[in-house]
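For reference, the structure is listed below as structure tokens.
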Amino acid sequence: MAALQPILKIEDLWVSVEGKDILKGVNLTINPGEVHAIMGRNGSGKSTLSYTLMGHPRYHINRGSILFKGEEIGDLTPDERAKKGLALAFQYPVAIPGVSVSNFLRASVKAVRGKEIPVKEFRQELKQQMALLEVKDEFLSRYINDGFSGGEKKRLEILQMTLLKPALAVLDETDSGLDIDALKVVSTGINTLATKETAILLITHYQRILNYVKPDFVHVFQSGQIVKTGGSELSEELEERGYDWVTQELTPSGVA
Amino acid sequence: MGETVKTIAKERVDEITRQTAEPAWLKDSRLKAFESYLKIPTPCNRDENWRRTEVEALDLAALNVVVNDSKEKQAAKEPAVVTAALAHLGKKLPYIYTTPESIEVGNADSALLSKGVIFCSLKTALAQHADLLSKYLSAENLPQPDFAENDKFYLMNQSLFNCGAFLYVPKNVVLESPVLNILSSGEETSIALFPRVIIIVEHGAKAEFVNLSTASKKQAQEAGPLSLVNSSIETYVGQNAGLSYLDVSDFSGNTFAVSRVYNEVKRDGSLHSSTVALGGWQIKSDIQTNLKEPGSKSDIRGVVLGAGSERYSFNTIQDHIAPDTGSTINFRVALKDSASSAYLGTIRVSKEAQRTDSYQSNKNLLLGSNAHADSIPKLEILADDVKCSHGATVGPADKEQIFYLMSRGLSNLEAEELIVTGFFRQVVQSCPVDGAGDWINELVADKIHA
């Protein structure tokens with residue numbers, strides 16, 4: 001393991017939004033093929049981490065570094081990051097009226113893979129992934145996220161991940177707003193995605209999804225930092241004892 | 001001695017009238033319009049209707065009016081621009097192809113002819129169907145749109161029109177596919193063309209009409225002195241009749257294009273009109289729709305894509321004259337570079353027009369940092385039982401949409417282009433002219449990538 005180059009290595013990352021510090025010294029290393037879960041309360045800065053990783057212009061890195069496959073990506077545009085093999089499944093994907101899902105998927109896959117994919121081949125691949133995620137054909141002719149239900153949006157996000165096959169997929173609260181059936185389907189998609197070639201950073205508020213997707217590591221996020229790291233058993237403990245338990249445990253020694 | 005410039009003057013009216021041996025009533029009508037033309041001052045951009053235009057840049061005195069005696073003839077070979085349009089709209093559609101030098105026709109449909117449908121150049125129509133046209137063109141029968149009284153360019157066209165097309169669809173005849181009228185303004189500078197298009201869809205009839213104005217060779221922006229293409233388009237939609245009209249303007253960079261569109265819809269008739277503006281030094285268009293009888297409806301859409309320093313100005317007027325009439329307007333403008341646009345949308349509801357249902361939307365996407373768009377709604381409502389609403393937006397492309405697309409590997413430019421294509425597709429995809437949606441999407445994509 002140690003000989004491997006990590007996919008992602010975040011060191012002492014400080015990020016602000018509109019002058020307000022949100023991330024305050026994040027450290028995280030993800031090796032190829034690993035599944036990491038970051039758990040934390042709403043407002044703890046989890047989504048800021050995902051946006052920062054993808055390069056949203058609103059988020060400013062004030063200190064620290066993000067190494068992706070050993071290369072600093074802090075100054076790269078989102079499309080440059082995508083082409084290097086980073087992808088983000090959004091918590092709240094935006095609607096883009098007038099742009100059909102199929103046009104968009106083709107443009108996106110072409111951009112990321114850097115070459116045109118024969119229509120037939122692409123359709124075949126798409127159909128296969130759509131079946132897995134129980135996505136209907138009519139999905140393709142609809143406009144991106146326009147009038148989609150919460151579950152449909154999340155399926156489209158995971159569908160994109162499975163087509164783009166990134167080296168690291170950051171899944172931002174992919175489980176939120178899903179009923180149990182949709183959660184199972186989406187989890188199946190995530191498990192298919194999680195291979196030796198694709199590491200996963202699963203950001204979530206609830207332990208629920210971790211019943212279906214088994215992480216190698218669980219991190220607890222609080223006040224803009226990772227304050228505790230453990231194996232998958234940590235998520236169960238969190239579910240049982242709540243986030244307050246971590247807070248209390250940490251209080252006596254204090255967190256720098 | 002150089003060639004004499006055939007300026008805009010009464011002599012031109014005389015020449016045109018002589019050449020085509022026009023009936024006396026038409027000459028009267030032209031002369032009357034010319035008298036009014038002379039009395040009216042040239043507009044300037046301080047006039048509300050001419051905001052954001054640079055009408056001062058057009059030197060009317062330097063223009064050379066195209067006067068020729070070319071007659072309509074069968075096309076020996078289908079012009080490339082026709083073939084390109086038919087690739088989307090359907091092969092073998094009847095067409096008229098007009099240039100400053102010639103008028104060619106092709107794909108005449110004998111089945112339509114036998115049903116009494118007339119589709120020909122305006123010159124031919126005046127020679128062969130003068131009586132029919134007198135109902136619409138003689139001075140006493142002329143429609144009275146807002147611009148009839150005081151619009152110098154409208155009157156200029158009414159006195160000097162010298163090319164164009166005529167479509168007549170008799171009672172209860174249904175055209176299953178569109179007919180195509182193409183004007184190619186050529187590459188000459190300092191010329192003036194005055195096309196006039198008249199479309200008559202009688203009681204219970206249905207028609208689709210595509211009007212494409214283009215240039216054989218696109219000149220770069222700001223090249224040479226300006227040419228003028230000053231068009232007049234009149235559509236008459238009869239009782240229970242339906243017309244789907246599509247107008248595409250894709251001029252060269254030295255064309256100052258003015259068009260005046262007057263639509264009239266009778267009882268339970270319905271008009272669909274889509275206007276697509278893709279290029280020109282300036283495009284200035286007024287579209288007035290008179291809903292004259294109960295149950296008449298209109299659906300007016302517009303797609304404007306500006307680049308460079310192109311200037312666009314669109315005025316729409318929905319005139320609800322009778323009760324129980326409905327209108328929708330959906331105008332979308334996207335501007336790159338330092339292109340500019342002004343949209344002025346008037347909904348007018350007369351005292352009698354109770355239960356009018358009218359909606360107007362104008363959205364402007366500013367892509368260039370120096371692009372500018374104005375949107376001005378104007379409601380003049382005299383009836384008290386009406387549903388009227390309007391909405392307008394002006395702003396850059398949504399940053400979250402761009403981020404989303406970029407996170408999927410698209411560059412900033414590709415993301416913007418996709419957003420613009422989608423922005424327009426919402427309006428054009430459902431255009432009732434067969435094949436028009438895909439055609440427009442392609443034209444838009446071509447210009448966006450340019």
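How things are named: the first chain in the structure tokens is A, the next is B, and so on; residues count from 1 in each chain; ligands count from 1 in the order shown.
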With only C-alpha atoms counted and 10 Å as the cut-off, give the residues of chain A in contact with chain B, each with its shortest interatomic distance in Å and the pair that gives it, as a tab-separated table.
residue	atom	partner	partner_atom	distance
A:Tyr51	CA	B:Phe403	CA	9.8
A:Met54	CA	B:Ser407	CA	6.6
A:Gly55	CA	B:Ser407	CA	8.2
A:His56	CA	B:Phe403	CA	6.6
A:Pro57	CA	B:Phe403	CA	8.3
A:Arg58	CA	B:Lys399	CA	9.9
A:Thr77	CA	B:Met406	CA	8.0
A:Pro78	CA	B:Ser407	CA	4.9
A:Asp79	CA	B:Gly409	CA	4.1
A:Glu80	CA	B:Gly409	CA	6.9
A:Arg81	CA	B:Ser407	CA	7.6
A:Ala82	CA	B:Gly409	CA	5.1
A:Lys83	CA	B:Gly409	CA	5.9
A:Lys84	CA	B:Gly409	CA	9.3
A:Gly85	CA	B:Gly409	CA	9.6
A:Leu86	CA	B:Ser407	CA	8.6
A:Ala87	CA	B:Ser407	CA	6.8
A:Leu88	CA	B:Ser407	CA	7.1
A:Ala89	CA	B:Ser407	CA	9.4
A:Phe90	CA	B:Tyr404	CA	8.5
A:Pro93	CA	B:Tyr404	CA	7.4
A:Val94	CA	B:Gln401	CA	6.2
A:Ala95	CA	B:Gln401	CA	7.5
A:Ile96	CA	B:Gln401	CA	6.7
A:Pro97	CA	B:Gly422	CA	6.0
A:Gly98	CA	B:Gly422	CA	3.5
A:Val99	CA	B:Gly422	CA	4.6
A:Ser100	CA	B:Gly422	CA	8.1
A:Asn103	CA	B:Leu418	CA	9.3
A:Phe104	CA	B:Leu418	CA	8.3
A:Leu105	CA	B:Arg408	CA	8.8
A:Ala107	CA	B:Leu410	CA	7.5
A:Ser108	CA	B:Arg408	CA	5.5
A:Val109	CA	B:Gly409	CA	7.9
A:Lys110	CA	B:Gly409	CA	8.5
A:Ala111	CA	B:Gly409	CA	5.3
A:Val112	CA	B:Gly409	CA	5.2
A:Arg113	CA	B:Gly409	CA	9.0
A:Gly114	CA	B:Gly409	CA	9.3
A:Tyr143	CA	B:Gly422	CA	8.6
A:Ile144	CA	B:Gly422	CA	9.9
A:Gln160	CA	B:Arg408	CA	8.5
A:Met161	CA	B:Arg408	CA	9.5
A:Leu164	CA	B:Arg408	CA	8.4
- Those of stretch 7-234 of chain A in DSSP helix (DSSP H, G or I), formatted as a PyMOL selection string: chain A and resi 46-54+78-84+101-113+119-132+137-141+150-164+180-193+208-211+233-234
Long-range neighbours of stretch 20-35 of chain A as a PDB file with N, CA, C and O atoms, in the first residue's frame, 7 Å cut-off, only C-alpha atoms, 6 positions minimum in chain:
ATOM      1  N   PRO A   6      -0.903   7.939  -3.876  1.00  0.00           N
ATOM      2  CA  PRO A   6      -2.313   8.177  -3.557  1.00  0.00           C
ATOM      3  C   PRO A   6      -3.028   8.864  -4.731  1.00  0.00           C
ATOM      4  O   PRO A   6      -2.412   9.625  -5.457  1.00  0.00           O
ATOM      5  N   ILE A   7      -4.321   8.574  -4.861  1.00  0.00           N
ATOM      6  CA  ILE A   7      -5.140   9.300  -5.842  1.00  0.00           C
ATOM      7  C   ILE A   7      -5.299  10.736  -5.368  1.00  0.00           C
ATOM      8  O   ILE A   7      -5.169  11.680  -6.129  1.00  0.00           O
ATOM      9  N   LEU A   8      -5.601  10.853  -4.088  1.00  0.00           N
ATOM     10  CA  LEU A   8      -5.836  12.185  -3.534  1.00  0.00           C
ATOM     11  C   LEU A   8      -5.055  12.351  -2.243  1.00  0.00           C
ATOM     12  O   LEU A   8      -5.047  11.456  -1.391  1.00  0.00           O
ATOM     13  N   LYS A   9      -4.399  13.477  -2.144  1.00  0.00           N
ATOM     14  CA  LYS A   9      -3.714  13.784  -0.889  1.00  0.00           C
ATOM     15  C   LYS A   9      -3.986  15.250  -0.568  1.00  0.00           C
ATOM     16  O   LYS A   9      -3.514  16.160  -1.270  1.00  0.00           O
ATOM     17  N   ILE A  10      -4.820  15.452   0.449  1.00  0.00           N
ATOM     18  CA  ILE A  10      -5.143  16.820   0.862  1.00  0.00           C
ATOM     19  C   ILE A  10      -4.323  17.123   2.107  1.00  0.00           C
ATOM     20  O   ILE A  10      -4.329  16.340   3.066  1.00  0.00           O
ATOM     21  N   GLU A  11      -3.630  18.258   2.069  1.00  0.00           N
ATOM     22  CA  GLU A  11      -2.807  18.610   3.227  1.00  0.00           C
ATOM     23  C   GLU A  11      -3.131  20.010   3.737  1.00  0.00           C
ATOM     24  O   GLU A  11      -3.080  20.979   2.967  1.00  0.00           O
ATOM     25  N   ASP A  12      -3.501  20.060   4.993  1.00  0.00           N
ATOM     26  CA  ASP A  12      -3.748  21.317   5.707  1.00  0.00           C
ATOM     27  C   ASP A  12      -4.528  22.316   4.849  1.00  0.00           C
ATOM     28  O   ASP A  12      -4.102  23.451   4.642  1.00  0.00           O
ATOM     29  N   LEU A  13      -5.690  21.871   4.386  1.00  0.00           N
ATOM     30  CA  LEU A  13      -6.473  22.689   3.447  1.00  0.00           C
ATOM     31  C   LEU A  13      -7.388  23.678   4.177  1.00  0.00           C
ATOM     32  O   LEU A  13      -8.237  23.287   4.976  1.00  0.00           O
ATOM     33  N   TRP A  14      -7.172  24.948   3.876  1.00  0.00           N
ATOM     34  CA  TRP A  14      -8.001  26.024   4.439  1.00  0.00           C
ATOM     35  C   TRP A  14      -8.747  26.695   3.297  1.00  0.00           C
ATOM     36  O   TRP A  14      -8.140  27.147   2.337  1.00  0.00           O
ATOM     37  N   GLY A  45     -19.188  21.646   6.792  1.00  0.00           N
ATOM     38  CA  GLY A  45     -18.230  21.973   5.738  1.00  0.00           C
ATOM     39  C   GLY A  45     -18.002  20.855   4.743  1.00  0.00           C
ATOM     40  O   GLY A  45     -17.135  20.952   3.880  1.00  0.00           O
ATOM     41  N   ALA A 194     -17.350   1.323  -7.692  1.00  0.00           N
ATOM     42  CA  ALA A 194     -16.182   1.144  -6.818  1.00  0.00           C
ATOM     43  C   ALA A 194     -15.364  -0.059  -7.264  1.00  0.00           C
ATOM     44  O   ALA A 194     -15.676  -1.196  -6.954  1.00  0.00           O
ATOM     45  N   THR A 195     -14.334   0.228  -8.037  1.00  0.00           N
ATOM     46  CA  THR A 195     -13.456  -0.843  -8.513  1.00  0.00           C
ATOM     47  C   THR A 195     -12.027  -0.449  -8.185  1.00  0.00           C
ATOM     48  O   THR A 195     -11.782   0.603  -7.594  1.00  0.00           O
ATOM     49  N   LYS A 196     -11.111  -1.269  -8.621  1.00  0.00           N
ATOM     50  CA  LYS A 196      -9.685  -0.953  -8.423  1.00  0.00           C
ATOM     51  C   LYS A 196      -9.336   0.363  -9.108  1.00  0.00           C
ATOM     52  O   LYS A 196      -8.451   1.078  -8.693  1.00  0.00           O
ATOM     53  N   GLU A 197     -10.076   0.657 -10.194  1.00  0.00           N
ATOM     54  CA  GLU A 197      -9.757   1.868 -10.971  1.00  0.00           C
ATOM     55  C   GLU A 197     -10.412   3.120 -10.392  1.00  0.00           C
ATOM     56  O   GLU A 197     -10.021   4.232 -10.718  1.00  0.00           O
ATOM     57  N   THR A 198     -11.478   2.924  -9.629  1.00  0.00           N
ATOM     58  CA  THR A 198     -12.213   4.092  -9.136  1.00  0.00           C
ATOM     59  C   THR A 198     -12.303   4.096  -7.614  1.00  0.00           C
ATOM     60  O   THR A 198     -12.903   3.196  -7.014  1.00  0.00           O
ATOM     61  N   ALA A 199     -11.689   5.099  -7.015  1.00  0.00           N
ATOM     62  CA  ALA A 199     -11.836   5.299  -5.570  1.00  0.00           C
ATOM     63  C   ALA A 199     -13.077   6.156  -5.344  1.00  0.00           C
ATOM     64  O   ALA A 199     -13.523   6.876  -6.235  1.00  0.00           O
ATOM     65  N   ILE A 200     -13.631   6.040  -4.129  1.00  0.00           N
ATOM     66  CA  ILE A 200     -14.864   6.774  -3.843  1.00  0.00           C
ATOM     67  C   ILE A 200     -14.745   7.557  -2.556  1.00  0.00           C
ATOM     68  O   ILE A 200     -14.236   7.046  -1.545  1.00  0.00           O
ATOM     69  N   LEU A 201     -15.186   8.812  -2.650  1.00  0.00           N
ATOM     70  CA  LEU A 201     -15.305   9.611  -1.438  1.00  0.00           C
ATOM     71  C   LEU A 201     -16.785   9.922  -1.276  1.00  0.00           C
ATOM     72  O   LEU A 201     -17.364  10.702  -2.028  1.00  0.00           O
ATOM     73  N   PRO A 215     -17.639   1.172   3.399  1.00  0.00           N
ATOM     74  CA  PRO A 215     -16.423   1.966   3.254  1.00  0.00           C
ATOM     75  C   PRO A 215     -15.215   1.276   3.886  1.00  0.00           C
ATOM     76  O   PRO A 215     -15.362   0.494   4.824  1.00  0.00           O
ATOM     77  N   ASP A 216     -14.037   1.567   3.340  1.00  0.00           N
ATOM     78  CA  ASP A 216     -12.802   1.101   3.972  1.00  0.00           C
ATOM     79  C   ASP A 216     -12.440   2.004   5.148  1.00  0.00           C
ATOM     80  O   ASP A 216     -11.860   1.569   6.132  1.00  0.00           O
ATOM     81  N   PHE A 217     -12.788   3.272   4.993  1.00  0.00           N
ATOM     82  CA  PHE A 217     -12.484   4.255   6.055  1.00  0.00           C
ATOM     83  C   PHE A 217     -13.673   5.166   6.282  1.00  0.00           C
ATOM     84  O   PHE A 217     -14.374   5.525   5.329  1.00  0.00           O
ATOM     85  N   GLY A 224     -15.145  22.103   9.957  1.00  0.00           N
ATOM     86  CA  GLY A 224     -14.176  22.293   8.881  1.00  0.00           C
ATOM     87  C   GLY A 224     -12.942  21.424   8.953  1.00  0.00           C
ATOM     88  O   GLY A 224     -11.929  21.732   8.332  1.00  0.00           O
ATOM     89  N   GLN A 225     -13.026  20.330   9.699  1.00  0.00           N
ATOM     90  CA  GLN A 225     -11.872  19.440   9.828  1.00  0.00           C
ATOM     91  C   GLN A 225     -12.328  17.999   9.922  1.00  0.00           C
ATOM     92  O   GLN A 225     -13.455  17.727  10.335  1.00  0.00           O
ATOM     93  N   ILE A 226     -11.399  17.079   9.633  1.00  0.00           N
ATOM     94  CA  ILE A 226     -11.647  15.684   9.965  1.00  0.00           C
ATOM     95  C   ILE A 226     -11.146  15.491  11.393  1.00  0.00           C
ATOM     96  O   ILE A 226      -9.967  15.737  11.692  1.00  0.00           O
TER      97      ILE A 226
END
- Item | strand (DSSP E or B) per DSSP on the backbone: members of stretch 161-234 of chain B, as a count of residues only | 41
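Closest approach to B:Ser327 from the set B:Leu366, B:Leu271, B:Ala76, B:Gly308 is made by B:Leu271, with distances taken over only C-alpha atoms.
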Output as a tab-separated table one row per residue of stretch 294-369 of chain B within 12 Å of stretch 256-262 of chain B: the closest atom pair and its distance in Å to one decimal place, counting only C-alpha atoms, sorted by chain and residue number ascending.
residue	atom	partner	partner_atom	distance
B:Ile300	CA	B:Val261	CA	11.6
B:Glu310	CA	B:Phe256	CA	10.1
B:Arg311	CA	B:Phe256	CA	9.5
B:Tyr312	CA	B:Ala257	CA	9.6
B:Ser313	CA	B:Val258	CA	9.4
B:Phe314	CA	B:Ser259	CA	9.6
B:Asn315	CA	B:Arg260	CA	9.6
B:Thr316	CA	B:Val261	CA	9.3
B:Ile317	CA	B:Tyr262	CA	9.5
B:Gln318	CA	B:Tyr262	CA	10.4
B:Asp319	CA	B:Tyr262	CA	10.8
